[in-house]
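First comes the structure, then the notes that go with it.
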Amino acid sequence: MKRILLITISLYLACNIVAAQDSGTDSLLLKSRKSAGSNLAMTYYKQANELLHSFPDSALYYANRAEIILQKGDPDNLLPHVYKSKGMIYQKKLVTDRSLLYYRKAYDAFIKLSETHEVGECALRMGNIYYDVANFSDAYFFYMQSLNAYEKSGDQLGIARMQNNLGIVAHDMGKLSEAERHYMNAREIYREIGLAVEESGALSNIGLIFYDKEQYDSALLYFDEVMERIHPDSVDSSVERYILSGVYNNTALAYSQMDEHQKALVFYRRGIKLAIQGDDIYNLGTAYTNLGSLYGELREKDSALFYLHRSLKIAQDRGFRHLELDAYEELSKLHARSGSYASAYNWLLRYDTVYKDLFNENQSEQIARLRTRYEQELKDREIEQLHSESQVQRMLNKVFIVFIVVIIILVIIITVNLRSKKQANRMLAERNLQISSAVGKLSESEKELQRLNKSKDRIFTVVAHDLRNPVSAVAGFSELLYENFEQFPVETQKEYMLQIVHGTQRIQNLLENLLIWARSQMKAIKFNPESLLIKDLLDACAKELTVNLDHKKVTCQINATPACTVFADRAMINTVLRNLVMNAIKFSFPGGKIWITSHIEENMCHISVTDEGIGIQPEIQERLFDANEVVSSPGTTGESGSGLGLVICKEFMERNQGEIRVESEPGNGSSFIVSLPLSAPE
């Protein structure tokens, strides 16, 4: 299910800047003709601020003129403010690196001047930029610097918003206890200064912390408090409606996790009603998706299909690609849950198509942004050159008035222009190097994408081939039983039903591996490492596969070192062990034996799964773990497989800082050995 998170970044304006007005700009231009020195720099600075929102290119020109003047002398400490304005201009023009450069210059200068409020504002702006590009560590650092500055200046509202921002970053980094502390601090300050809406948002965020900790009762207490503060019939603003809609949805998710599905349905419907009233189409589609998912869990397929298709229609009509991905995923799960594996596979293919399109769009957007930045740099250079040429022309016109004066002025202009051009050329050379580096990285990303697509296409080819056989077997035996059920003796009926069961199990195993692999490729599987006792995992795995062992009359002997404790993700390691034991059963002869052992060596726990089966050819061993060379071989009694299991095992072992290898001789069985780092002693 998709969750609606109520987390917003607080933004301050550096100063009360409005859109440029012709009269204000004209008066400043007139004043600039009568000014000189620091007064002229102040005039240019004000012109830059007047033009910032409407004409950022012109604003940058005047800010540059002010900077050049102030570098020669700055009696009023205006230069840090000019740096901050240039940071705002470049942020408006989406030139992130230049914006950070000038914000940092302003930040350092204001620290030297002990202007704590300005220090807090510059740190906040840098934190916002780093948060937007998902650099959470740097964002957290500058938000903390901003908090310290606001504490020194006694700005309670600034302190509250920084506490909220720090909570958001810690939340995104998975530091739940730290995020809870920041949200609590923000809530307390909002309450003290009487900002009820902001306090409700903080309460909702605290509830989400408890939701992520799976403490659903505590989460519901905070969600209920928000609903007591904001009544749906008295919502006054879009912000309140957004908060209440998110709380309804998150409350429904909490009840769903607690298996109180009827209560969850009530809050989903409230959220849908509120979204319809506020014409909030995206949250409406999200609520439809969640409601369809819940009906799917309740085995009410018709209701689930109704809401999932409504969500899908909204996503397709409005171009909400991520919402469309969620709908495809839930439809695939719904059909797989009801046994419609062909439909589940078709929805999964649609999911894959949209996912690839989104990935390609992101790549195209990155290239377009780089091209836009490069063109903007060229445009800036042209504007500066035009202004310089205009000034030179005006000076040359004065030659006809006083020759000696023109010569002096001309010498000054040439000197200034040479210095400006030298600085501009140096900046352009740096920009070209950065663009070349960025283009190189994009080329590497494109090659990696092509490799991933090639790997996926090959694996889907193998899956489609291996899926066809069990599906055909199930369909064939089902048809025979249906048409001749009364004519067949009981033993024949049981045999055909057993074949259907085996075929269904193979389909289920294949789809399970496919879904696990697809989620791992989309980075949808969360990595939650913890200390694990290997002996317990092995016993649980053998118990889970008892039916498979008994069916093939294969015995399994476990000899695990009791002290073997590793630090890894439980779900991933369970998947690895299950695949290895299933492979051992598949390639063992009826009546054979499997050994599972573990031992400690060089701070690593080595787990070995050994069988007495047919063994593996050397040329096949080299390709077992390669996603581009998926290998699938039938078992000793004709069992089929996709070859995905070992590919998944290799990926999961790499994510857990471990490794996997195989030792085998044809005809003498195989041993698969996985190695994991030991858990540090507490």
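Ordering of the structure tokens sets the chain letters (A, B, ...), residue numbers begin anew at 1 in every chain, and ligands are numbered from 1 in the order given.
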
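For Ala342 of chain A, the residues within 10 Å (counting only C-alpha atoms, excluding itself and residues fewer than 4 positions away along the chain) are Ser332, His335, Ala336, Asn346, Trp347, Leu348, Leu467 and Val471 of chain A.
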
Long-range neighbours of Glu330 of chain A as a ChimeraX atom specification, 9 Å cut-off, only C-alpha atoms, 6 positions minimum in chain: /A:1,289-290,292-293,296,308,347

8 Å contact set for segment 183-186 of chain A, only C-alpha atoms, chain neighbours under 2 positions out, as a list in words: Ile159, Ala160, Arg161, Met162, Gln163, Asn164, Gly167, Ala179, Glu180, Arg181, Glu188, Ile189, Tyr190, Glu199, Ala202, Leu203, Asn205 and Ile206 of chain A

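Here atom CA of Thr286 of chain A is placed at a distance of 11.5 Å from atom CA of Asn250 of chain A.
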
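We find atom CA of Ala109 of chain A and atom CA of Gly73 of chain A to be spaced 14.9 Å apart.
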
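Near segment 86-96 of chain A, within 8 Å and counting only C-alpha atoms, sit Leu52, His53, Pro56, Ala59, Leu60, Ala63, Leu101, Tyr102, Tyr103, Ile129 and Arg373 of chain A; same-chain residues fewer than 5 positions away were not included.
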
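Atom CA of Ala149 of chain A is positioned 5.1 Å from atom CA of Thr116 of chain A.
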
Taking only residues of segment 50-142 of chain A that have an atom at most 12 Å from an atom of segment 414-418 of chain A, what is each one's shortest atom pair and its distance in Å to one decimal, using only C-alpha atoms, in chain and number order, as CSV?
```
residue,atom,partner,partner_atom,distance
A:Arg65,CA,A:Val416,CA,11.3
A:Ile68,CA,A:Val416,CA,9.7
A:Ile69,CA,A:Val416,CA,11.0
```

Take the residues from that selection and put them in a file with N, CA, C and O atoms, as an mmCIF file, in the first residue's frame.
```cif
data_model
loop_
_atom_site.group_PDB
_atom_site.id
_atom_site.type_symbol
_atom_site.label_atom_id
_atom_site.label_comp_id
_atom_site.auth_asym_id
_atom_site.auth_seq_id
_atom_site.Cartn_x
_atom_site.Cartn_y
_atom_site.Cartn_z
ATOM 1 N N ARG A 65 27.489 43.736 -11.087
ATOM 2 C CA ARG A 65 28.052 45.086 -11.053
ATOM 3 C C ARG A 65 28.280 45.534 -9.603
ATOM 4 O O ARG A 65 29.304 46.133 -9.276
ATOM 5 N N ILE A 68 31.377 43.733 -8.142
ATOM 6 C CA ILE A 68 32.650 44.269 -8.637
ATOM 7 C C ILE A 68 33.016 45.544 -7.879
ATOM 8 O O ILE A 68 34.170 45.747 -7.476
ATOM 9 N N ILE A 69 32.029 46.413 -7.658
ATOM 10 C CA ILE A 69 32.298 47.664 -6.942
ATOM 11 C C ILE A 69 32.689 47.389 -5.495
ATOM 12 O O ILE A 69 33.658 47.959 -4.963
#
```

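For the set A:Leu396, A:Leu538, A:Ile401, A:Leu349, the residue with the smallest atom-to-atom gap to Thr597 of chain A is A:Leu538, counting only C-alpha atoms.
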
From A:Leu331, A:Cys564, A:Leu449, A:Leu147, residue lying nearest Phe359 of chain A [only C-alpha atoms]: A:Leu449

Within 8 Å of Asp569 of chain A using only C-alpha atoms, minus same-chain residues under 6 positions, as a ChimeraX atom specification: /A:527-530,656

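When the distance limit is 9 Å and only C-alpha atoms are what count, the residues near Met227 of chain A, minus those fewer than 5 positions from it on the same chain, are Ser200, Tyr222, Pro232, Leu244, Val247 and Tyr248 of chain A.
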
Those same residues - all heavy atoms - I'd like them written as a PDB file, in the first residue's frame.
```
ATOM      1  N   SER A 200      -0.831  20.715  14.326  1.00  0.00           N
ATOM      2  CA  SER A 200      -1.509  19.515  13.819  1.00  0.00           C
ATOM      3  C   SER A 200      -0.612  18.744  12.859  1.00  0.00           C
ATOM      4  O   SER A 200      -0.567  17.511  12.873  1.00  0.00           O
ATOM      5  CB  SER A 200      -2.810  19.921  13.113  1.00  0.00           C
ATOM      6  OG  SER A 200      -3.716  20.511  14.021  1.00  0.00           O
ATOM      7  N   TYR A 222      -2.220   9.844  18.186  1.00  0.00           N
ATOM      8  CA  TYR A 222      -1.857  11.138  17.597  1.00  0.00           C
ATOM      9  C   TYR A 222      -2.767  11.476  16.430  1.00  0.00           C
ATOM     10  O   TYR A 222      -3.146  12.640  16.233  1.00  0.00           O
ATOM     11  CB  TYR A 222      -0.391  11.110  17.163  1.00  0.00           C
ATOM     12  CG  TYR A 222       0.557  11.198  18.332  1.00  0.00           C
ATOM     13  CD1 TYR A 222       1.104  10.051  18.901  1.00  0.00           C
ATOM     14  CD2 TYR A 222       0.887  12.430  18.890  1.00  0.00           C
ATOM     15  CE1 TYR A 222       1.966  10.133  19.981  1.00  0.00           C
ATOM     16  CE2 TYR A 222       1.748  12.518  19.977  1.00  0.00           C
ATOM     17  CZ  TYR A 222       2.282  11.370  20.520  1.00  0.00           C
ATOM     18  OH  TYR A 222       3.121  11.452  21.588  1.00  0.00           O
ATOM     19  N   PRO A 232     -13.965  18.010   9.733  1.00  0.00           N
ATOM     20  CA  PRO A 232     -14.151  18.107   8.272  1.00  0.00           C
ATOM     21  C   PRO A 232     -15.165  19.162   7.860  1.00  0.00           C
ATOM     22  O   PRO A 232     -15.083  19.701   6.751  1.00  0.00           O
ATOM     23  CB  PRO A 232     -14.602  16.692   7.881  1.00  0.00           C
ATOM     24  CG  PRO A 232     -15.089  16.063   9.150  1.00  0.00           C
ATOM     25  CD  PRO A 232     -14.268  16.662  10.239  1.00  0.00           C
ATOM     26  N   LEU A 244      -5.802  16.767   7.085  1.00  0.00           N
ATOM     27  CA  LEU A 244      -6.875  15.857   7.490  1.00  0.00           C
ATOM     28  C   LEU A 244      -6.995  14.674   6.531  1.00  0.00           C
ATOM     29  O   LEU A 244      -7.199  13.531   6.964  1.00  0.00           O
ATOM     30  CB  LEU A 244      -8.200  16.630   7.554  1.00  0.00           C
ATOM     31  CG  LEU A 244      -9.394  15.863   8.159  1.00  0.00           C
ATOM     32  CD1 LEU A 244      -9.061  15.388   9.568  1.00  0.00           C
ATOM     33  CD2 LEU A 244     -10.628  16.749   8.175  1.00  0.00           C
ATOM     34  N   VAL A 247      -4.247  12.283   7.357  1.00  0.00           N
ATOM     35  CA  VAL A 247      -4.511  11.581   8.622  1.00  0.00           C
ATOM     36  C   VAL A 247      -5.563  10.493   8.431  1.00  0.00           C
ATOM     37  O   VAL A 247      -5.444   9.393   8.979  1.00  0.00           O
ATOM     38  CB  VAL A 247      -4.952  12.592   9.700  1.00  0.00           C
ATOM     39  CG1 VAL A 247      -5.529  11.876  10.912  1.00  0.00           C
ATOM     40  CG2 VAL A 247      -3.771  13.443  10.123  1.00  0.00           C
ATOM     41  N   TYR A 248      -6.627  10.778   7.653  1.00  0.00           N
ATOM     42  CA  TYR A 248      -7.620   9.736   7.373  1.00  0.00           C
ATOM     43  C   TYR A 248      -6.953   8.527   6.726  1.00  0.00           C
ATOM     44  O   TYR A 248      -7.208   7.370   7.109  1.00  0.00           O
ATOM     45  CB  TYR A 248      -8.685  10.288   6.438  1.00  0.00           C
ATOM     46  CG  TYR A 248      -9.729  11.168   7.113  1.00  0.00           C
ATOM     47  CD1 TYR A 248     -10.434  12.123   6.394  1.00  0.00           C
ATOM     48  CD2 TYR A 248     -10.027  11.014   8.469  1.00  0.00           C
ATOM     49  CE1 TYR A 248     -11.395  12.932   6.993  1.00  0.00           C
ATOM     50  CE2 TYR A 248     -10.970  11.815   9.082  1.00  0.00           C
ATOM     51  CZ  TYR A 248     -11.660  12.768   8.348  1.00  0.00           C
ATOM     52  OH  TYR A 248     -12.597  13.547   8.942  1.00  0.00           O
TER      53      TYR A 248
END
```
